[in-house]
Amino acid sequence: QVQLVESGGGLVQPGGSLRLSCAASRSIFSFNAMDWYRQAPGKERELVAAISSSGRLNYAESVKGRFIISRDYSRNTVYLQMNSLKPEDTAVYYCNAQTGSGPYWGQGTQVTVSS
């Protein structure tokens with residue numbers, strides 16, 4: 001079992017920045033990958049960014065050049081640095097861990113980009 005707790009969401013103006021955190025209840029070193037997804041109202045959940053166990057990064061086209069995914073093994077935490085935020089980035093952001101015992105999800109954190 002793995003518990004994931006996201007934090008860092010909130011209300012930000014267009015062009016602003018936020019950093020999301022996803023803290024795992026145990027070591028993330030053995031995880032196959034950790035991902036950030038988002039789901040906007042009336043839309044399907046979509047992959048935003050992913051980091052594999054080897055460190056390979058993957059981003060959705062819509063966030064390339066603006067978002068950065070990273071991890072800190074010492075804190076069992078994955079981050080999503082979001083810059084140059086746009087209103088269309090408004091969504092609930094979820095952390096996902098791909099482990100040998102299956103995928104685990106956090107509860108989500110709301111990000112609202114609005115003036």
# chains A, B, ... in the order shown; residues from 1 in each chain; ligands from 1
call {"tool": "residues_around", "arguments": {"residues": "Glu46 of chain A", "least_positions_apart": "6", "cutoff": "7 Å", "atoms": "only C-alpha atoms", "output": "MDAnalysis selection string"}}
result
chainID A and resid 37:39
call {"tool": "write_last_selection", "arguments": {"atoms": "all heavy atoms", "output": "compact mmCIF listing (two decimals), in the first residue's frame"}}
result
# COMPACT_ATOMS: atom_id res chain seq x y z
N TYR A 37 -1.39 13.88 -13.28
CA TYR A 37 -2.53 13.96 -14.18
C TYR A 37 -3.37 15.18 -13.76
O TYR A 37 -3.23 15.70 -12.66
CB TYR A 37 -3.41 12.72 -14.07
CG TYR A 37 -2.87 11.50 -14.77
CD1 TYR A 37 -1.82 10.76 -14.24
CD2 TYR A 37 -3.44 11.06 -15.97
CE1 TYR A 37 -1.34 9.62 -14.88
CE2 TYR A 37 -2.97 9.93 -16.62
CZ TYR A 37 -1.92 9.21 -16.07
OH TYR A 37 -1.45 8.10 -16.70
N ARG A 38 -4.26 15.57 -14.63
CA ARG A 38 -5.23 16.61 -14.28
C ARG A 38 -6.57 16.31 -14.94
O ARG A 38 -6.63 15.65 -15.97
CB ARG A 38 -4.74 18.00 -14.69
CG ARG A 38 -4.65 18.25 -16.19
CD ARG A 38 -4.04 19.61 -16.46
NE ARG A 38 -3.93 19.88 -17.88
CZ ARG A 38 -3.29 20.94 -18.38
NH1 ARG A 38 -2.69 21.82 -17.56
NH2 ARG A 38 -3.25 21.12 -19.70
N GLN A 39 -7.61 16.83 -14.29
CA GLN A 39 -8.95 16.66 -14.82
C GLN A 39 -9.71 17.96 -14.65
O GLN A 39 -9.94 18.41 -13.51
CB GLN A 39 -9.69 15.50 -14.13
CG GLN A 39 -11.01 15.18 -14.77
CD GLN A 39 -11.56 13.86 -14.30
OE1 GLN A 39 -11.19 13.33 -13.26
NE2 GLN A 39 -12.45 13.28 -15.09
call {"tool": "residues_around", "arguments": {"residues": "Ile69 of chain A", "least_positions_apart": "4", "cutoff": "8 Å", "atoms": "only C-alpha atoms", "output": "list of chain:residue names"}}
result
A:Ala49, A:Ala50, A:Ile51, A:Leu57, A:Val78, A:Tyr79, A:Leu80, A:Gln81
call {"tool": "write_last_selection", "arguments": {"atoms": "N, CA and C atoms", "output": "PDB file, in the first residue's frame"}}
result
ATOM      1  N   ALA A  49       2.530  15.134 -16.821  1.00  0.00           N
ATOM      2  CA  ALA A  49       3.979  14.940 -16.776  1.00  0.00           C
ATOM      3  C   ALA A  49       4.281  13.626 -16.087  1.00  0.00           C
ATOM      4  N   ALA A  50       5.403  13.018 -16.484  1.00  0.00           N
ATOM      5  CA  ALA A  50       5.790  11.741 -15.906  1.00  0.00           C
ATOM      6  C   ALA A  50       7.305  11.682 -15.758  1.00  0.00           C
ATOM      7  N   ILE A  51       7.738  10.961 -14.718  1.00  0.00           N
ATOM      8  CA  ILE A  51       9.168  10.708 -14.538  1.00  0.00           C
ATOM      9  C   ILE A  51       9.332   9.232 -14.233  1.00  0.00           C
ATOM     10  N   LEU A  57      11.837  11.803 -18.700  1.00  0.00           N
ATOM     11  CA  LEU A  57      10.739  12.734 -18.489  1.00  0.00           C
ATOM     12  C   LEU A  57       9.808  12.723 -19.699  1.00  0.00           C
ATOM     13  N   VAL A  78       7.513  13.902  -5.099  1.00  0.00           N
ATOM     14  CA  VAL A  78       7.587  14.342  -6.485  1.00  0.00           C
ATOM     15  C   VAL A  78       6.949  15.727  -6.578  1.00  0.00           C
ATOM     16  N   TYR A  79       7.537  16.562  -7.411  1.00  0.00           N
ATOM     17  CA  TYR A  79       7.066  17.936  -7.547  1.00  0.00           C
ATOM     18  C   TYR A  79       6.621  18.211  -8.981  1.00  0.00           C
ATOM     19  N   LEU A  80       5.758  19.198  -9.116  1.00  0.00           N
ATOM     20  CA  LEU A  80       5.401  19.717 -10.428  1.00  0.00           C
ATOM     21  C   LEU A  80       5.473  21.234 -10.331  1.00  0.00           C
ATOM     22  N   GLN A  81       6.517  21.786 -10.926  1.00  0.00           N
ATOM     23  CA  GLN A  81       6.665  23.229 -10.992  1.00  0.00           C
ATOM     24  C   GLN A  81       5.905  23.719 -12.209  1.00  0.00           C
TER      25      GLN A  81
END
call {"tool": "residues_around", "arguments": {"residues": "Arg26 of chain A", "least_positions_apart": "4", "cutoff": "12 Å", "atoms": "only C-alpha atoms", "output": "NGL selection string"}}
result
:A and (1-5 or 22 or 30-31 or 73-77 or 97 or 99)
call {"tool": "select_by_dssp", "arguments": {"residues": "segment 51-90 of chain A", "states": "strand (DSSP E or B)", "output": "PyMOL selection string"}}
result
chain A and resi 51-52+57-59+67-72+77-82
call {"tool": "write_last_selection", "arguments": {"atoms": "all heavy atoms", "output": "CSV table (one decimal), in the first residue's frame"}}
result
chain,number,residue,atom,x,y,z
A,51,ILE,N,7.7,11.0,-14.7
A,51,ILE,CA,9.2,10.7,-14.5
A,51,ILE,C,9.3,9.2,-14.2
A,51,ILE,O,8.7,8.7,-13.3
A,51,ILE,CB,9.8,11.6,-13.4
A,51,ILE,CG1,11.3,11.4,-13.3
A,51,ILE,CG2,9.0,11.4,-12.1
A,51,ILE,CD1,12.0,12.4,-12.5
A,52,SER,N,10.2,8.6,-15.0
A,52,SER,CA,10.3,7.1,-14.9
A,52,SER,C,11.4,6.9,-13.8
A,52,SER,O,12.1,7.8,-13.4
A,52,SER,CB,10.7,6.5,-16.2
A,52,SER,OG,12.1,6.8,-16.5
A,57,LEU,N,11.8,11.8,-18.7
A,57,LEU,CA,10.7,12.7,-18.5
A,57,LEU,C,9.8,12.7,-19.7
A,57,LEU,O,10.2,12.6,-20.8
A,57,LEU,CB,11.3,14.1,-18.3
A,57,LEU,CG,12.3,14.3,-17.2
A,57,LEU,CD1,12.8,15.8,-17.1
A,57,LEU,CD2,11.8,13.9,-15.8
A,58,ASN,N,8.5,12.9,-19.4
A,58,ASN,CA,7.6,13.0,-20.5
A,58,ASN,C,6.5,14.1,-20.1
A,58,ASN,O,6.1,14.1,-19.0
A,58,ASN,CB,6.9,11.6,-20.6
A,58,ASN,CG,5.9,11.6,-21.8
A,58,ASN,OD1,6.2,12.2,-22.9
A,58,ASN,ND2,4.8,10.9,-21.7
A,59,TYR,N,6.2,14.9,-21.1
A,59,TYR,CA,5.3,16.0,-20.8
A,59,TYR,C,4.2,16.0,-21.9
A,59,TYR,O,4.4,15.7,-23.1
A,59,TYR,CB,6.0,17.4,-20.9
A,59,TYR,CG,7.0,17.6,-19.8
A,59,TYR,CD1,8.3,17.3,-20.0
A,59,TYR,CD2,6.6,18.0,-18.5
A,59,TYR,CE1,9.3,17.5,-19.0
A,59,TYR,CE2,7.5,18.2,-17.5
A,59,TYR,CZ,8.8,17.9,-17.7
A,59,TYR,OH,9.8,18.1,-16.7
A,67,PHE,N,6.0,23.5,-17.6
A,67,PHE,CA,6.0,22.7,-16.4
A,67,PHE,C,7.2,21.9,-16.3
A,67,PHE,O,7.8,21.4,-17.3
A,67,PHE,CB,4.8,21.8,-16.4
A,67,PHE,CG,3.4,22.4,-16.3
A,67,PHE,CD1,3.3,23.8,-16.3
A,67,PHE,CD2,2.3,21.6,-16.1
A,67,PHE,CE1,2.0,24.4,-16.2
A,67,PHE,CE2,1.0,22.2,-15.9
A,67,PHE,CZ,0.9,23.6,-16.0
A,68,ILE,N,7.6,21.6,-15.0
A,68,ILE,CA,8.8,20.8,-14.8
A,68,ILE,C,8.5,19.8,-13.7
A,68,ILE,O,8.1,20.2,-12.6
A,68,ILE,CB,10.0,21.6,-14.4
A,68,ILE,CG1,10.4,22.6,-15.5
A,68,ILE,CG2,11.2,20.7,-14.1
A,68,ILE,CD1,11.5,23.6,-15.0
A,69,ILE,N,8.7,18.5,-14.0
A,69,ILE,CA,8.5,17.4,-13.0
A,69,ILE,C,9.9,17.1,-12.4
A,69,ILE,O,10.9,17.0,-13.1
A,69,ILE,CB,7.8,16.2,-13.5
A,69,ILE,CG1,7.4,15.2,-12.4
A,69,ILE,CG2,8.6,15.6,-14.7
A,69,ILE,CD1,6.5,14.1,-12.9
A,70,SER,N,9.9,16.8,-11.1
A,70,SER,CA,11.2,16.4,-10.5
A,70,SER,C,10.8,15.6,-9.2
A,70,SER,O,9.7,15.5,-8.8
A,70,SER,CB,12.0,17.7,-10.0
A,70,SER,OG,11.3,18.5,-9.1
A,71,ARG,N,11.9,15.0,-8.6
A,71,ARG,CA,11.6,14.2,-7.5
A,71,ARG,C,12.8,14.3,-6.5
A,71,ARG,O,13.9,14.7,-6.9
A,71,ARG,CB,11.5,12.7,-7.9
A,71,ARG,CG,12.8,12.1,-8.5
A,71,ARG,CD,12.6,10.7,-9.1
A,71,ARG,NE,13.7,10.3,-9.9
A,71,ARG,CZ,13.7,9.3,-10.8
A,71,ARG,NH1,12.6,8.7,-11.0
A,71,ARG,NH2,14.8,9.0,-11.4
A,72,ASP,N,12.5,14.1,-5.2
A,72,ASP,CA,13.5,14.1,-4.2
A,72,ASP,C,13.3,12.8,-3.4
A,72,ASP,O,12.4,12.6,-2.6
A,72,ASP,CB,13.2,15.3,-3.3
A,72,ASP,CG,14.2,15.5,-2.2
A,72,ASP,OD1,14.9,14.5,-1.8
A,72,ASP,OD2,14.3,16.6,-1.7
A,77,THR,N,9.2,12.4,-2.3
A,77,THR,CA,8.3,13.4,-2.9
A,77,THR,C,8.6,13.7,-4.4
A,77,THR,O,9.7,13.8,-4.8
A,77,THR,CB,8.4,14.7,-2.1
A,77,THR,OG1,8.0,14.5,-0.7
A,77,THR,CG2,7.5,15.8,-2.6
A,78,VAL,N,7.5,13.9,-5.1
A,78,VAL,CA,7.6,14.3,-6.5
A,78,VAL,C,6.9,15.7,-6.6
A,78,VAL,O,6.0,16.0,-5.9
A,78,VAL,CB,6.9,13.4,-7.4
A,78,VAL,CG1,6.8,13.9,-8.8
A,78,VAL,CG2,7.6,12.0,-7.5
A,79,TYR,N,7.5,16.6,-7.4
A,79,TYR,CA,7.1,17.9,-7.5
A,79,TYR,C,6.6,18.2,-9.0
A,79,TYR,O,7.1,17.6,-9.9
A,79,TYR,CB,8.2,18.9,-7.2
A,79,TYR,CG,8.7,18.7,-5.8
A,79,TYR,CD1,9.9,18.0,-5.6
A,79,TYR,CD2,8.1,19.3,-4.7
A,79,TYR,CE1,10.4,17.8,-4.3
A,79,TYR,CE2,8.6,19.1,-3.4
A,79,TYR,CZ,9.8,18.4,-3.2
A,79,TYR,OH,10.3,18.2,-2.0
A,80,LEU,N,5.8,19.2,-9.1
A,80,LEU,CA,5.4,19.7,-10.4
A,80,LEU,C,5.5,21.2,-10.3
A,80,LEU,O,4.6,21.9,-9.7
A,80,LEU,CB,4.0,19.3,-10.9
A,80,LEU,CG,3.6,19.7,-12.3
A,80,LEU,CD1,4.5,18.9,-13.3
A,80,LEU,CD2,2.1,19.4,-12.5
A,81,GLN,N,6.5,21.8,-10.9
A,81,GLN,CA,6.7,23.2,-11.0
A,81,GLN,C,5.9,23.7,-12.2
A,81,GLN,O,6.2,23.3,-13.3
A,81,GLN,CB,8.1,23.6,-11.1
A,81,GLN,CG,8.4,25.1,-11.2
A,81,GLN,CD,8.0,25.9,-10.0
A,81,GLN,OE1,8.3,25.5,-8.9
A,81,GLN,NE2,7.4,27.0,-10.2
A,82,MET,N,4.9,24.6,-12.0
A,82,MET,CA,4.1,25.1,-13.1
A,82,MET,C,4.3,26.6,-13.2
A,82,MET,O,4.0,27.4,-12.3
A,82,MET,CB,2.6,24.8,-12.7
A,82,MET,CG,2.4,23.3,-12.5
A,82,MET,SD,0.6,23.0,-12.3
A,82,MET,CE,0.2,23.9,-10.8
call {"tool": "closest_residue", "arguments": {"among": "A:Val48, A:Ala24, A:Leu85, A:Cys95", "to": "Thr112 of chain A", "atoms": "only C-alpha atoms"}}
result
A:Leu85
call {"tool": "residues_around", "arguments": {"residues": "Gly8 of chain A", "least_positions_apart": "5", "cutoff": "7 Å", "atoms": "only C-alpha atoms", "output": "VMD selection string"}}
result
chain A and resid 18 to 21
call {"tool": "write_last_selection", "arguments": {"atoms": "C-alpha atoms", "output": "CSV table (one decimal), in the first residue's frame"}}
result
chain,number,residue,atom,x,y,z
A,18,LEU,CA,2.7,27.2,-8.5
A,19,ARG,CA,4.6,24.2,-7.2
A,20,LEU,CA,2.7,21.0,-6.5
A,21,SER,CA,4.1,18.4,-4.1
